Every structure is written in structure tokens, then in C-alpha cells.
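The data block below is start-v2.csv; it holds CSV, C-alpha atoms and all ligand atoms.
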```
chain,number,residue,atom,x,y,z
A,1,MET,CA,-78.7,17.8,47.4
A,2,LYS,CA,-82.1,16.2,47.9
A,3,ILE,CA,-84.6,15.5,50.6
A,4,SER,CA,-87.5,13.2,49.9
A,5,ASN,CA,-91.0,14.5,49.9
A,6,ALA,CA,-92.5,14.2,53.3
A,7,GLY,CA,-95.9,15.5,52.5
A,8,ILE,CA,-98.9,16.0,54.7
A,9,ALA,CA,-101.1,13.0,54.5
A,10,GLY,CA,-104.6,13.6,53.4
A,11,LYS,CA,-104.0,16.5,50.9
A,12,PRO,CA,-105.4,15.7,47.5
A,13,ALA,CA,-103.0,14.8,44.7
A,14,ASP,CA,-102.1,17.8,42.6
A,15,CYS,CA,-99.3,17.0,40.3
A,16,SER,CA,-99.2,20.5,38.8
A,17,ARG,CA,-97.4,21.4,42.0
A,18,LYS,CA,-94.5,19.1,41.2
A,19,ASN,CA,-91.1,20.2,42.6
A,20,GLU,CA,-92.5,22.3,45.4
A,21,GLY,CA,-90.6,22.0,48.6
A,22,SER,CA,-91.8,20.1,51.6
A,23,ARG,CA,-93.9,22.3,53.9
A,24,GLY,CA,-91.9,24.3,56.3
A,25,VAL,CA,-88.5,23.3,55.3
A,26,ASN,CA,-86.3,26.3,55.5
A,27,MET,CA,-83.8,25.7,52.7
A,28,SER,CA,-82.2,27.5,49.9
A,29,ASP,CA,-83.7,27.5,46.4
A,30,SER,CA,-81.2,25.1,45.2
A,31,TYR,CA,-82.6,22.4,47.4
A,32,GLU,CA,-84.2,19.6,45.4
A,33,PHE,CA,-86.5,16.8,46.4
A,34,ASP,CA,-86.1,13.1,45.8
A,35,ASN,CA,-89.8,13.0,45.2
A,36,PRO,CA,-91.0,15.7,42.8
A,37,CYS,CA,-94.6,15.0,43.7
A,38,ALA,CA,-94.4,17.4,46.6
A,39,GLY,CA,-97.6,18.7,45.3
A,40,CYS,CA,-99.4,15.5,46.1
A,41,GLY,CA,-98.5,16.2,49.6
A,42,THR,CA,-99.5,12.8,50.5
A,43,ALA,CA,-97.8,9.9,52.2
A,44,ALA,CA,-96.0,7.5,49.9
A,45,GLU,CA,-98.8,5.0,49.3
A,46,MET,CA,-101.1,7.8,48.2
A,47,ASP,CA,-98.5,9.3,46.0
A,48,CYS,CA,-98.1,6.1,44.2
A,49,SER,CA,-101.7,5.6,43.5
A,50,SER,CA,-102.2,9.1,42.5
A,51,CYS,CA,-99.4,9.1,40.0
A,52,GLY,CA,-100.6,5.8,38.7
A,53,THR,CA,-97.3,4.7,37.3
A,54,SER,CA,-94.7,2.4,38.6
A,55,ASP,CA,-91.3,1.3,37.8
A,56,ASP,CA,-89.9,-2.0,39.0
A,57,MET,CA,-90.3,-1.0,42.5
A,58,GLY,CA,-91.5,2.5,42.9
A,59,CYS,CA,-93.4,5.1,41.1
A,60,ALA,CA,-91.6,6.5,38.0
A,61,GLY,CA,-94.2,9.3,38.0
A,62,CYS,CA,-93.5,10.2,41.6
A,63,GLY,CA,-89.8,10.0,41.1
A,64,THR,CA,-89.4,8.5,44.5
A,65,ALA,CA,-86.6,6.2,45.1
A,66,ALA,CA,-87.6,2.6,44.9
A,67,GLU,CA,-86.8,1.7,48.4
A,68,MET,CA,-88.9,4.6,49.7
A,69,ASP,CA,-91.9,3.4,47.8
A,70,CYS,CA,-91.7,-0.1,49.0
A,71,SER,CA,-91.3,0.8,52.6
A,72,GLY,CA,-93.7,3.5,51.7
A,73,CYS,CA,-96.6,1.2,51.1
A,74,GLY,CA,-96.3,0.0,54.6
A,75,THR,CA,-96.4,-3.6,53.3
A,76,SER,CA,-93.6,-5.6,52.1
A,77,ALA,CA,-93.6,-6.0,48.3
A,78,ASP,CA,-94.0,-9.7,48.8
A,79,ALA,CA,-97.3,-9.2,50.4
A,80,GLY,CA,-98.4,-7.1,47.6
A,81,CYS,CA,-97.7,-3.4,47.4
A,82,ALA,CA,-101.3,-2.3,47.5
A,83,GLY,CA,-100.5,1.4,47.6
A,84,CYS,CA,-98.0,1.4,44.8
A,85,GLY,CA,-99.7,-1.1,42.6
A,86,THR,CA,-96.3,-2.5,41.8
A,87,ALA,CA,-95.7,-6.1,40.9
A,88,PRO,CA,-95.1,-7.8,44.2
A,89,ALA,CA,-92.6,-10.6,43.7
A,90,ALA,CA,-89.6,-9.3,41.8
A,91,PRO,CA,-88.8,-6.2,43.7
A,92,ALA,CA,-89.4,-7.6,47.1
A,93,CYS,CA,-87.0,-10.5,47.1
A,94,GLY,CA,-84.9,-9.9,44.0
A,95,THR,CA,-83.3,-6.8,45.5
A,96,ASP,CA,-80.4,-6.8,47.9
A,97,ASP,CA,-82.4,-4.8,50.4
A,98,GLY,CA,-83.2,-7.6,52.8
A,99,SER,CA,-85.5,-5.4,54.8
A,100,ASN,CA,-88.4,-6.5,52.6
A,101,CYS,CA,-87.9,-10.1,53.6
A,102,ALA,CA,-87.6,-9.0,57.2
A,103,SER,CA,-91.2,-7.8,57.3
A,104,CYS,CA,-92.7,-10.2,54.8
A,105,GLY,CA,-94.4,-13.3,56.0
A,106,ALA,CA,-94.4,-15.1,52.6
A,107,ASP,CA,-92.2,-18.1,52.3
A,108,CYS,CA,-90.8,-17.4,48.8
A,109,SER,CA,-87.7,-19.0,47.3
A,110,ASP,CA,-85.7,-15.7,47.7
A,111,ARG,CA,-86.4,-15.6,51.4
A,112,THR,CA,-83.2,-14.8,53.3
A,113,GLN,CA,-82.3,-13.7,56.7
A,114,PRO,CA,-82.8,-10.0,57.0
A,115,GLN,CA,-79.8,-8.2,55.6
A,116,ILE,CA,-78.9,-5.0,57.3
A,117,THR,CA,-78.5,-2.2,54.8
A,118,LYS,CA,-76.9,0.6,56.6
A,119,LYS,CA,-77.3,4.0,55.1
A,120,PRO,CA,-74.0,5.9,54.5
A,121,LEU,CA,-73.3,9.3,56.0
A,122,ASN,CA,-72.5,12.1,53.6
A,123,GLN,CA,-68.8,12.6,52.9
A,124,MET,CA,-68.3,15.5,55.2
A,125,SER,CA,-69.7,13.7,58.3
A,126,SER,CA,-68.4,11.2,60.7
A,127,VAL,CA,-70.0,9.7,63.8
A,128,ASP,CA,-68.1,7.3,66.0
A,129,ASN,CA,-70.8,5.9,68.4
A,130,VAL,CA,-74.5,5.8,67.7
A,131,ILE,CA,-76.6,4.9,70.7
A,132,ALA,CA,-80.4,4.5,70.4
A,133,VAL,CA,-82.6,5.3,73.4
A,134,VAL,CA,-85.7,3.2,73.3
A,135,SER,CA,-88.8,2.6,75.4
A,136,GLY,CA,-91.8,0.3,75.1
A,137,LYS,CA,-94.3,3.2,75.2
A,138,GLY,CA,-94.4,7.0,75.3
A,139,GLY,CA,-94.2,9.2,78.4
A,140,VAL,CA,-91.7,7.2,80.4
A,141,GLY,CA,-88.9,9.7,80.1
A,142,LYS,CA,-87.0,8.4,77.0
A,143,SER,CA,-86.4,11.9,75.6
A,144,LEU,CA,-85.3,13.2,79.0
A,145,ILE,CA,-82.8,10.3,79.4
A,146,THR,CA,-81.6,10.9,75.8
A,147,ALA,CA,-81.1,14.6,76.7
A,148,MET,CA,-79.4,13.8,80.0
A,149,MET,CA,-77.0,11.3,78.4
A,150,ALA,CA,-76.0,13.8,75.7
A,151,VAL,CA,-75.5,16.5,78.3
A,152,ILE,CA,-73.3,14.2,80.4
A,153,MET,CA,-71.1,13.2,77.4
A,154,ARG,CA,-70.9,16.9,76.3
A,155,ARG,CA,-69.8,17.8,79.9
A,156,ARG,CA,-67.0,15.2,79.5
A,157,GLY,CA,-65.8,17.1,76.5
A,158,PHE,CA,-67.1,14.8,73.7
A,159,ARG,CA,-68.6,16.1,70.5
A,160,THR,CA,-72.1,15.1,71.0
A,161,ALA,CA,-75.3,15.0,68.9
A,162,ILE,CA,-78.9,14.1,69.2
A,163,LEU,CA,-80.9,12.7,66.3
A,164,ASP,CA,-84.6,13.1,67.2
A,165,ALA,CA,-86.2,10.1,65.6
A,166,ASP,CA,-89.4,10.5,67.6
A,167,VAL,CA,-90.9,12.4,64.7
A,168,THR,CA,-94.5,12.4,65.8
A,169,GLY,CA,-93.6,13.4,69.4
A,170,PRO,CA,-90.5,15.5,69.0
A,171,SER,CA,-89.5,17.1,72.4
A,172,ILE,CA,-85.7,17.4,72.1
A,173,PRO,CA,-85.6,21.0,70.7
A,174,LYS,CA,-87.9,22.3,73.5
A,175,THR,CA,-85.8,20.4,76.2
A,176,PHE,CA,-82.8,22.5,75.0
A,177,LYS,CA,-84.9,25.7,74.2
A,178,VAL,CA,-83.8,25.5,70.6
A,179,THR,CA,-86.3,27.5,68.6
A,180,GLU,CA,-84.5,28.5,65.4
A,181,ASN,CA,-85.0,26.4,62.2
A,182,ALA,CA,-82.4,24.3,60.7
A,183,THR,CA,-80.9,25.6,57.5
A,184,ALA,CA,-79.3,23.9,54.5
A,185,ASN,CA,-77.2,24.6,51.5
A,186,ASP,CA,-77.3,22.6,48.3
A,187,VAL,CA,-75.3,19.8,49.8
A,188,VAL,CA,-76.3,19.3,53.4
A,189,ILE,CA,-78.7,20.3,56.2
A,190,PHE,CA,-77.0,22.0,59.2
A,191,PRO,CA,-77.9,20.8,62.6
A,192,VAL,CA,-78.8,23.4,65.2
A,193,GLU,CA,-76.4,23.7,68.1
A,194,THR,CA,-77.4,24.0,71.7
A,195,LYS,CA,-75.9,26.5,74.2
A,196,THR,CA,-73.3,24.0,75.2
A,197,GLY,CA,-72.5,22.8,71.7
A,198,ILE,CA,-74.7,19.7,71.3
A,199,GLN,CA,-75.7,19.2,67.7
A,200,LEU,CA,-79.4,18.6,67.2
A,201,MET,CA,-81.6,17.5,64.4
A,202,SER,CA,-85.4,17.1,64.8
A,203,ILE,CA,-88.4,17.4,62.6
A,204,ASN,CA,-89.5,20.4,64.8
A,205,LEU,CA,-86.4,22.3,63.5
A,206,LEU,CA,-87.8,22.0,60.0
A,207,LEU,CA,-91.4,22.9,60.6
A,208,GLU,CA,-92.6,26.4,60.2
A,209,ASP,CA,-94.6,26.1,63.3
A,210,ALA,CA,-93.4,23.7,65.9
A,211,THR,CA,-96.9,23.0,67.1
A,212,ASP,CA,-97.9,21.6,63.7
A,213,PRO,CA,-98.7,17.9,64.0
A,214,VAL,CA,-96.8,15.6,61.7
A,215,LEU,CA,-99.5,13.5,60.0
A,216,TRP,CA,-97.2,11.2,58.1
A,217,ARG,CA,-97.4,7.5,57.6
A,218,GLY,CA,-94.7,5.4,59.2
A,219,PRO,CA,-92.6,4.8,56.0
A,220,VAL,CA,-92.5,8.6,55.3
A,221,ILE,CA,-91.4,9.1,58.9
A,222,ALA,CA,-88.8,6.4,58.6
A,223,GLY,CA,-87.5,8.1,55.4
A,224,ALA,CA,-87.2,11.4,57.1
A,225,VAL,CA,-85.2,9.8,59.9
A,226,GLU,CA,-82.9,8.2,57.4
A,227,GLN,CA,-82.3,11.6,55.9
A,228,PHE,CA,-81.5,13.0,59.3
A,229,TRP,CA,-78.7,10.5,59.2
A,230,THR,CA,-77.6,10.8,55.6
A,231,ASP,CA,-78.2,14.4,54.7
A,232,VAL,CA,-77.3,16.3,57.9
A,233,LEU,CA,-73.8,17.6,58.5
A,234,TRP,CA,-72.6,15.6,61.5
A,235,GLU,CA,-69.1,16.9,61.9
A,236,SER,CA,-66.7,14.6,63.8
A,237,ILE,CA,-69.3,13.4,66.3
A,238,ASP,CA,-68.0,11.2,69.1
A,239,TYR,CA,-71.5,10.3,70.6
A,240,MET,CA,-74.8,10.5,68.8
A,241,PHE,CA,-77.9,9.6,70.8
A,242,VAL,CA,-81.0,8.7,68.8
A,243,ASP,CA,-84.3,9.5,70.6
A,244,MET,CA,-86.3,6.6,69.1
A,245,PRO,CA,-90.0,6.5,68.5
A,246,PRO,CA,-91.6,4.4,71.3
A,247,GLY,CA,-92.4,0.7,70.7
A,248,THR,CA,-91.3,-1.9,68.2
A,249,GLY,CA,-93.1,-0.8,65.1
A,250,ASP,CA,-92.2,0.0,61.5
A,251,VAL,CA,-90.2,3.2,62.2
A,252,PRO,CA,-87.9,1.8,65.0
A,253,LEU,CA,-87.3,-1.3,62.8
A,254,THR,CA,-86.2,0.8,59.9
A,255,VAL,CA,-84.0,3.0,62.1
A,256,PHE,CA,-82.4,-0.1,63.6
A,257,GLN,CA,-81.8,-1.4,60.1
A,258,SER,CA,-80.5,1.7,58.5
A,259,LEU,CA,-78.3,3.4,61.1
A,260,PRO,CA,-75.1,1.8,62.4
A,261,ILE,CA,-76.4,1.6,66.0
A,262,LYS,CA,-73.7,0.3,68.4
A,263,GLY,CA,-76.0,-0.3,71.3
A,264,ILE,CA,-79.3,0.7,72.9
A,265,ILE,CA,-80.3,2.1,76.2
A,266,VAL,CA,-83.8,0.9,77.4
A,267,VAL,CA,-85.8,3.4,79.4
A,268,ALA,CA,-88.8,2.2,81.4
A,269,SER,CA,-91.0,3.0,84.3
A,270,PRO,CA,-91.1,0.6,87.2
A,271,GLN,CA,-94.6,-0.6,86.1
A,272,GLU,CA,-93.4,-1.2,82.6
A,273,LEU,CA,-90.5,-3.3,83.7
A,274,VAL,CA,-92.9,-5.9,85.1
A,275,GLY,CA,-94.8,-6.1,81.9
A,276,MET,CA,-93.8,-7.7,78.6
A,277,ILE,CA,-93.3,-4.3,76.9
A,278,VAL,CA,-89.7,-4.0,77.9
A,279,GLU,CA,-89.0,-7.6,77.1
A,280,LYS,CA,-90.3,-6.9,73.6
A,281,ALA,CA,-87.9,-4.0,73.2
A,282,VAL,CA,-84.9,-6.0,74.5
A,283,LYS,CA,-85.8,-9.0,72.2
A,284,MET,CA,-86.2,-6.7,69.2
A,285,ALA,CA,-82.6,-5.4,69.9
A,286,GLU,CA,-81.4,-9.0,70.2
A,287,MET,CA,-83.1,-10.0,66.9
A,288,MET,CA,-81.4,-7.0,65.2
A,289,ASP,CA,-78.1,-8.1,66.8
A,290,ILE,CA,-77.7,-4.8,68.6
A,291,PRO,CA,-76.4,-5.0,72.2
A,292,VAL,CA,-78.4,-3.6,75.1
A,293,LEU,CA,-75.9,-1.3,76.8
A,294,GLY,CA,-78.1,-0.7,79.9
A,295,ILE,CA,-81.6,-0.2,81.4
A,296,VAL,CA,-82.7,3.0,83.0
A,297,GLU,CA,-85.6,2.7,85.4
A,298,ASN,CA,-87.0,6.2,85.3
A,299,MET,CA,-89.4,7.6,88.0
A,300,SER,CA,-88.1,4.8,90.1
A,301,TYR,CA,-88.8,6.5,93.4
A,302,PHE,CA,-89.4,9.8,95.0
A,303,GLU,CA,-87.0,11.2,97.5
A,304,CYS,CA,-88.8,13.2,100.3
A,305,PRO,CA,-87.0,16.6,100.5
A,306,GLU,CA,-87.7,16.7,104.2
A,307,CYS,CA,-86.7,13.2,105.5
A,308,HIS,CA,-84.8,12.1,102.4
A,309,GLY,CA,-86.6,8.8,102.6
A,310,LYS,CA,-87.1,7.0,99.2
A,311,HIS,CA,-90.6,6.1,98.3
A,312,GLU,CA,-91.3,3.7,95.5
A,313,VAL,CA,-94.5,5.4,94.4
A,314,PHE,CA,-94.9,3.2,91.3
A,315,GLY,CA,-94.2,0.0,93.2
A,316,LYS,CA,-91.0,-2.0,94.0
A,317,SER,CA,-88.1,-1.7,91.6
A,318,HIS,CA,-87.6,-4.5,89.2
A,319,VAL,CA,-84.7,-3.2,87.2
A,320,GLU,CA,-82.1,-5.5,88.8
A,321,GLU,CA,-84.1,-8.5,88.2
A,322,ILE,CA,-84.9,-7.7,84.5
A,323,ALA,CA,-81.3,-6.8,83.9
A,324,LYS,CA,-80.2,-10.1,85.3
A,325,LYS,CA,-82.8,-12.0,83.3
A,326,PHE,CA,-81.4,-10.5,80.1
A,327,ASN,CA,-77.8,-10.4,81.2
A,328,ILE,CA,-77.5,-6.6,81.0
A,329,PRO,CA,-74.8,-5.4,83.5
A,330,ASN,CA,-75.5,-1.7,83.4
A,331,VAL,CA,-78.5,-0.2,85.3
A,332,ALA,CA,-79.5,3.2,86.6
A,333,ARG,CA,-82.4,4.4,88.6
A,334,ILE,CA,-83.7,8.0,88.2
A,335,PRO,CA,-86.1,9.4,90.8
A,336,ILE,CA,-89.2,11.5,90.1
A,337,ASP,CA,-87.7,14.9,90.5
A,338,PRO,CA,-89.8,18.0,90.0
A,339,LYS,CA,-86.5,19.8,89.2
A,340,LEU,CA,-86.0,17.6,86.2
A,341,SER,CA,-89.4,18.3,84.7
A,342,ALA,CA,-89.0,22.0,85.5
A,343,ALA,CA,-85.6,21.9,83.6
A,344,VAL,CA,-87.3,20.3,80.7
A,345,ASP,CA,-90.2,22.7,80.7
A,346,ALA,CA,-87.8,25.7,80.8
A,347,GLY,CA,-85.5,24.2,78.1
A,348,MET,CA,-82.6,24.2,80.6
A,349,ILE,CA,-81.7,20.5,80.7
A,350,GLU,CA,-78.1,21.5,80.2
A,351,LEU,CA,-78.1,22.8,83.7
A,352,PHE,CA,-79.5,19.6,85.4
A,353,ASP,CA,-77.9,18.6,88.6
A,354,GLY,CA,-77.7,15.0,89.7
A,355,ASP,CA,-75.3,12.1,89.5
A,356,TRP,CA,-77.8,9.3,88.8
A,357,LEU,CA,-76.5,8.5,85.4
A,358,ASP,CA,-72.8,9.1,86.0
A,359,SER,CA,-71.6,5.6,86.6
A,360,PHE,CA,-74.0,4.3,83.9
A,361,ALA,CA,-72.4,6.7,81.5
A,362,ASP,CA,-68.9,5.6,82.6
A,363,LYS,CA,-69.7,2.0,81.7
A,364,ILE,CA,-71.1,3.0,78.3
A,365,GLU,CA,-68.0,5.1,77.6
A,366,LEU,CA,-65.9,2.1,78.5
A,367,GLN,CA,-67.9,-0.2,76.3
A,368,MET,CA,-67.6,2.1,73.4
A,369,LYS,CA,-63.8,2.6,73.9
A,370,GLU,CA,-63.1,-1.1,74.2
A,371,GLY,CA,-65.5,-1.8,71.3
A,372,THR,CA,-67.2,-4.4,73.5
A,373,ALA,CA,-70.6,-3.2,72.4
A,374,VAL,CA,-69.8,-3.4,68.7
A,375,ASN,CA,-71.4,-6.2,66.8
W,1,LIG,P1,-91.0,10.0,76.4
W,1,LIG,O1,-89.8,10.5,75.6
W,1,LIG,O2,-90.8,8.6,76.9
W,1,LIG,O3,-92.3,10.2,75.8
W,1,LIG,P2,-90.4,12.3,78.1
W,1,LIG,O4,-89.0,12.3,78.3
W,1,LIG,O5,-91.0,13.3,77.1
W,1,LIG,O6,-91.0,10.9,77.8
W,1,LIG,O7,-91.1,12.6,79.5
W,1,LIG,C1,-92.5,12.8,79.7
W,1,LIG,C2,-92.7,13.9,80.7
W,1,LIG,O8,-92.3,13.4,82.0
W,1,LIG,C3,-91.9,15.1,80.5
W,1,LIG,O9,-92.6,16.3,80.9
W,1,LIG,C4,-90.7,15.0,81.4
W,1,LIG,O10,-90.1,16.2,81.8
W,1,LIG,C5,-91.3,14.2,82.6
W,1,LIG,N1,-90.4,13.4,83.3
W,1,LIG,C6,-89.8,12.3,82.8
W,1,LIG,N2,-89.0,11.7,83.7
W,1,LIG,C7,-89.1,12.5,84.9
W,1,LIG,C8,-88.5,12.4,86.2
W,1,LIG,N3,-87.7,11.4,86.5
W,1,LIG,N4,-88.9,13.4,87.1
W,1,LIG,C9,-89.7,14.3,86.7
W,1,LIG,N5,-90.3,14.5,85.5
W,1,LIG,C10,-90.0,13.5,84.6
```

What is this file in C-alpha cells?
Amino acid sequence: MKISNAGIAGKPADCSRKNEGSRGVNMSDSYEFDNPCAGCGTAAEMDCSSCGTSDDMGCAGCGTAAEMDCSGCGTSADAGCAGCGTAPAAPACGTDDGSNCASCGADCSDRTQPQITKKPLNQMSSVDNVIAVVSGKGGVGKSLITAMMAVIMRRRGFRTAILDADVTGPSIPKTFKVTENATANDVVIFPVETKTGIQLMSINLLLEDATDPVLWRGPVIAGAVEQFWTDVLWESIDYMFVDMPPGTGDVPLTVFQSLPIKGIIVVASPQELVGMIVEKAVKMAEMMDIPVLGIVENMSYFECPECHGKHEVFGKSHVEEIAKKFNIPNVARIPIDPKLSAAVDAGMIELFDGDWLDSFADKIELQMKEGTAVN
């Protein structure tokens, strides 16, 4: 089996190191790479220019798959693949990968509505319900809510998984105190299981040192996330929660396009809910034709342990009003709770105590069972 080269941006090209593995990936010798230019160790656009060759869409020299290259350039081929140096017109619009047209501003004759090209799972895997957890910006508790939703579904007896797509800020393994590296055979990568049996895959499970920064360009990150979907053994999973990168950039767009996401959960702080940032996330989901299952207002209030009064430290709650505006029937409010941050810091989120998300999760379970969230 193969994993594409996710090199460290900025390293000089050194094609004599072809076929070396990606840094830190703990895999068997039989593991091959889509992109033999592991030696280049650079993000896709640098690989392309360093190899200097191109096939109709990608770099023949690099050996990368065409689609990786095009998204790798960070520009749609229509707009001119500066990094690859490939011919712009034919590959962009002549392919059946509509994602190029999605990001290309050119008004060419091949222009079509974005086609969603979902990536297939490997043959041994099955995932019934994929739910993406999104936020407009970082630090609002997206990873915490992802973890809590997975814990709740696991407590209900479902086979549950988390795909950590927040590649540059991966916090899921730490939240569950998972420190061992993922392993692989020549067919699949094995997820790491938490104490209660939640299956995890995160870039931090593939790095030698979890404190190493991931200095990859967006398209390489998107490629890694796609491989977390296609190459990991996801055995009979009922619920998979995808901890998305914050915002509405290139990586979330690719993940939305390539994974069969049945719905999204929007996480926001009270301040964010009054701004446009949440609206952008909701509108992005609408444009991708993915239903918004619910909104979680995190850090919504603080409950005084003495008098049990609720104090809205970040201002009045706006979650009901936003939910109404976008016709989203499912909302939850999570307080600022030092016990939650302590549970995250200790890697003990599986022991969290609190019913804030219970009825929220009930509704999502129902939507999934009835198929009402399915496009
Ligand atoms: P994001 O994924 O949006 O970047 P995180 O889930 O990593 O955000 O949360 C950022 C920090 O805030 C973490 O340390 C987390 O434990 C803490 N945190 C998030 N929500 C709460 C909350 N409701 N109460 C206490 N701490 C919280």
C-alpha cells in the first residue's frame, strides 16, 4: 500500500533520496509511497519544480498522482499551475475532478458546477455516519466537542472513531492520552484505540515526536487527511467524527469534497456567534450541500460553584437566534468548566461528567437513523 509523500516544506530537493519514507511514519519496510520524491521533502509545488518534469497534470518525475499535484500547487490548474509548471487548461477542466472548477475563477467552456468526488474507503473498512465538527477559528473548543461527542456515542455502545483533520493543530491524541504511534502493514494503517475503544487517527500518531510542527502546505495536508480516510483500517464504524481544521480554507474544502460527510456540527464561542465567521462556516456547508446538524455554543456561561448562578462572561447567548436564522433545530450550550479543561490536559476526556450534549446527541442519532441528514 502507499502513502503519499508529505515532506517537510523548506528542505532542499535531493532526488537521490527517492523512495525514502515520510519522516516519522512508523511503518513496515514494505510500505511504499505514492510520491517517490520523499527525498525532496518539500511540499508538492516545490517537488514539482524541483523535478522539472510534468505529465498531463502532475509530475512524472515526482511520481505523484495527478490530483495531488494539482491541488498541490495551491492554485487550480485553470489559473495556471505555477508550482507544477504544467499546462493549465487541459487538466483543469478536462478531467472529471470538478474540484478544480470549484476553486477556479476562470470562465472557461468546461466550467461546470463543482462535482463532488468522494474518495473510497479501502475494502476492509466501513463507516456509516461521518460527521464533521467545524469552527470559524481555532481555540473555541472544536476538538473538545469532537472528543465529547465521540465519548457520548461510545458510551451508547456505538463503534466510534475520530479522524483528526486538524493537521497543524492536532490535539485529539493528547485529549485521550494516546501516546503510541500508529502502525501499518503493507495494506492499511491501523488506528490507535483509546481506553474505551474509540478508534483514532491523527498526524501526531505518525510523527516521531508529537511536538514536531507540521510545516506542510495546505494541499499536502489535504492529501494526508484524504489518506487518513482511504488508507486507515476503519472497521465497522457507526460514527466517525472529523475534527476539521478551523475556517473555510483549502483543507476544509478538500475534506468536504472528498469525504462522504453526512452533516456538520458548528462549534462557536458566544462572541463568534455574533460575527460573520459562523455564518461563513454555515454557508460553506450549504454550498457543499451538507446539512448543519446543530450548533454548539461553547464557553457559553460560567456556573458559580457557590451560588449556582449562571454568568454569561462572554456576553449574552446568541445561539438560539443564529440557529433560527439558519433553520438549525439542534443547539447545545456548554459552560466554561475548569473540570473540562483539566480532563483535556490530563488526557481523561473519557471520564467527563456533564449532560450538556446528551439531548443534542439524541437528535443527531435520530437524524442519522432516519437518514434525514443524508443529502
Ligand atoms: P479548538 O479545537 O477549537 O482549537 P480546543 O478544543 O483545543 O479548541 O480548546 C482550546 C482550549 O480551551 C483547550 O485547552 C480546552 O481544554 C479549553 N476549553 C475548550 N472549551 C472549554 C470549556 N467549555 N471549559 C473549559 N475549557 C475549555

* Measure the distance from CA of Met299 (chain A) to atom C7 of ligand LIG 1 (chain W) in Å and round it to one decimal. =>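 Going from CA of Met299 (chain A) over to atom C7 of ligand LIG 1 (chain W) covers 5.8 Å.
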
* **Top pick for closest residue to ligand LIG 1 (chain W), considering A:Val296, A:Ile322, A:Ile336, A:Val282 and counting only C-alpha atoms and all ligand atoms** =>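 Between A:Val296, A:Ile322, A:Ile336, A:Val282, the residue approaching ligand LIG 1 (chain W) most closely is A:Ile336.
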
* To do: Please check which protein, DNA or RNA residues sit within 6 Å of ligand LIG 1 (chain W), counting all atoms listed in the file, and write them as a PyMOL selection string.
  => chain A and resi 138-144+298-299+334-338+340-341+344

* To do: Rank nothing, just name the residue among A:Met153, A:Ile349, A:Leu273, A:Val214 nearest to Val178 (chain A), using all atoms listed in the file.
  =>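 That would be A:Ile349, the residue with the smallest distance to Val178 (chain A).
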
* To do: Mind giving me the straight-line distance from CA of Glu365 (chain A) to CA of Tyr239 (chain A) in Å, one decimal?
  =>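 Here the two named atoms are 9.4 Å from each other.
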
* **Contacts of Glu321 (chain A) at 12 Å (all atoms listed in the file; same-chain gap of 5+ positions) as a list in words** =>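 Everything that qualifies: Pro270, Leu273, Val274, Ile295, Glu297, Lys316, Phe326, Asn327, Ile328, Pro329, Asn330 and Val331 of chain A.
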
* Asked: Counting only C-alpha atoms, which of A:Leu205, A:Cys304, A:Ile277, A:Ala268 gets nearest to Ser317 (chain A)?
  -> A:Ala268

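Nearest residue to Asp362 (chain A), choosing from A:Ser300, A:Thr194, A:Lys119, A:Ile152 and counting only C-alpha atoms: A:Ile152.
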
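Take CA of His318 (chain A) and CA of Ile264 (chain A): the distance between them is 19.0 Å.
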
* Among the residues A:Lys195, A:Met148, A:Trp234, A:Ile221, the one that comes closest to Asp355 (chain A) [using only C-alpha atoms] ->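 Of the candidates, the smallest distance to Asp355 (chain A) is held by A:Met148.
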
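Distances from A:Thr248, A:Glu306, A:Ala281, A:Asp238 to Ala150 (chain A) were compared using all atoms listed in the file, and the smallest one belongs to A:Asp238.
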
* Distance query Thr146 (chain A) at most 10 Å, all atoms listed in the file, self and fewer than 4 positions along chain excluded, as a count of residues only -> 19
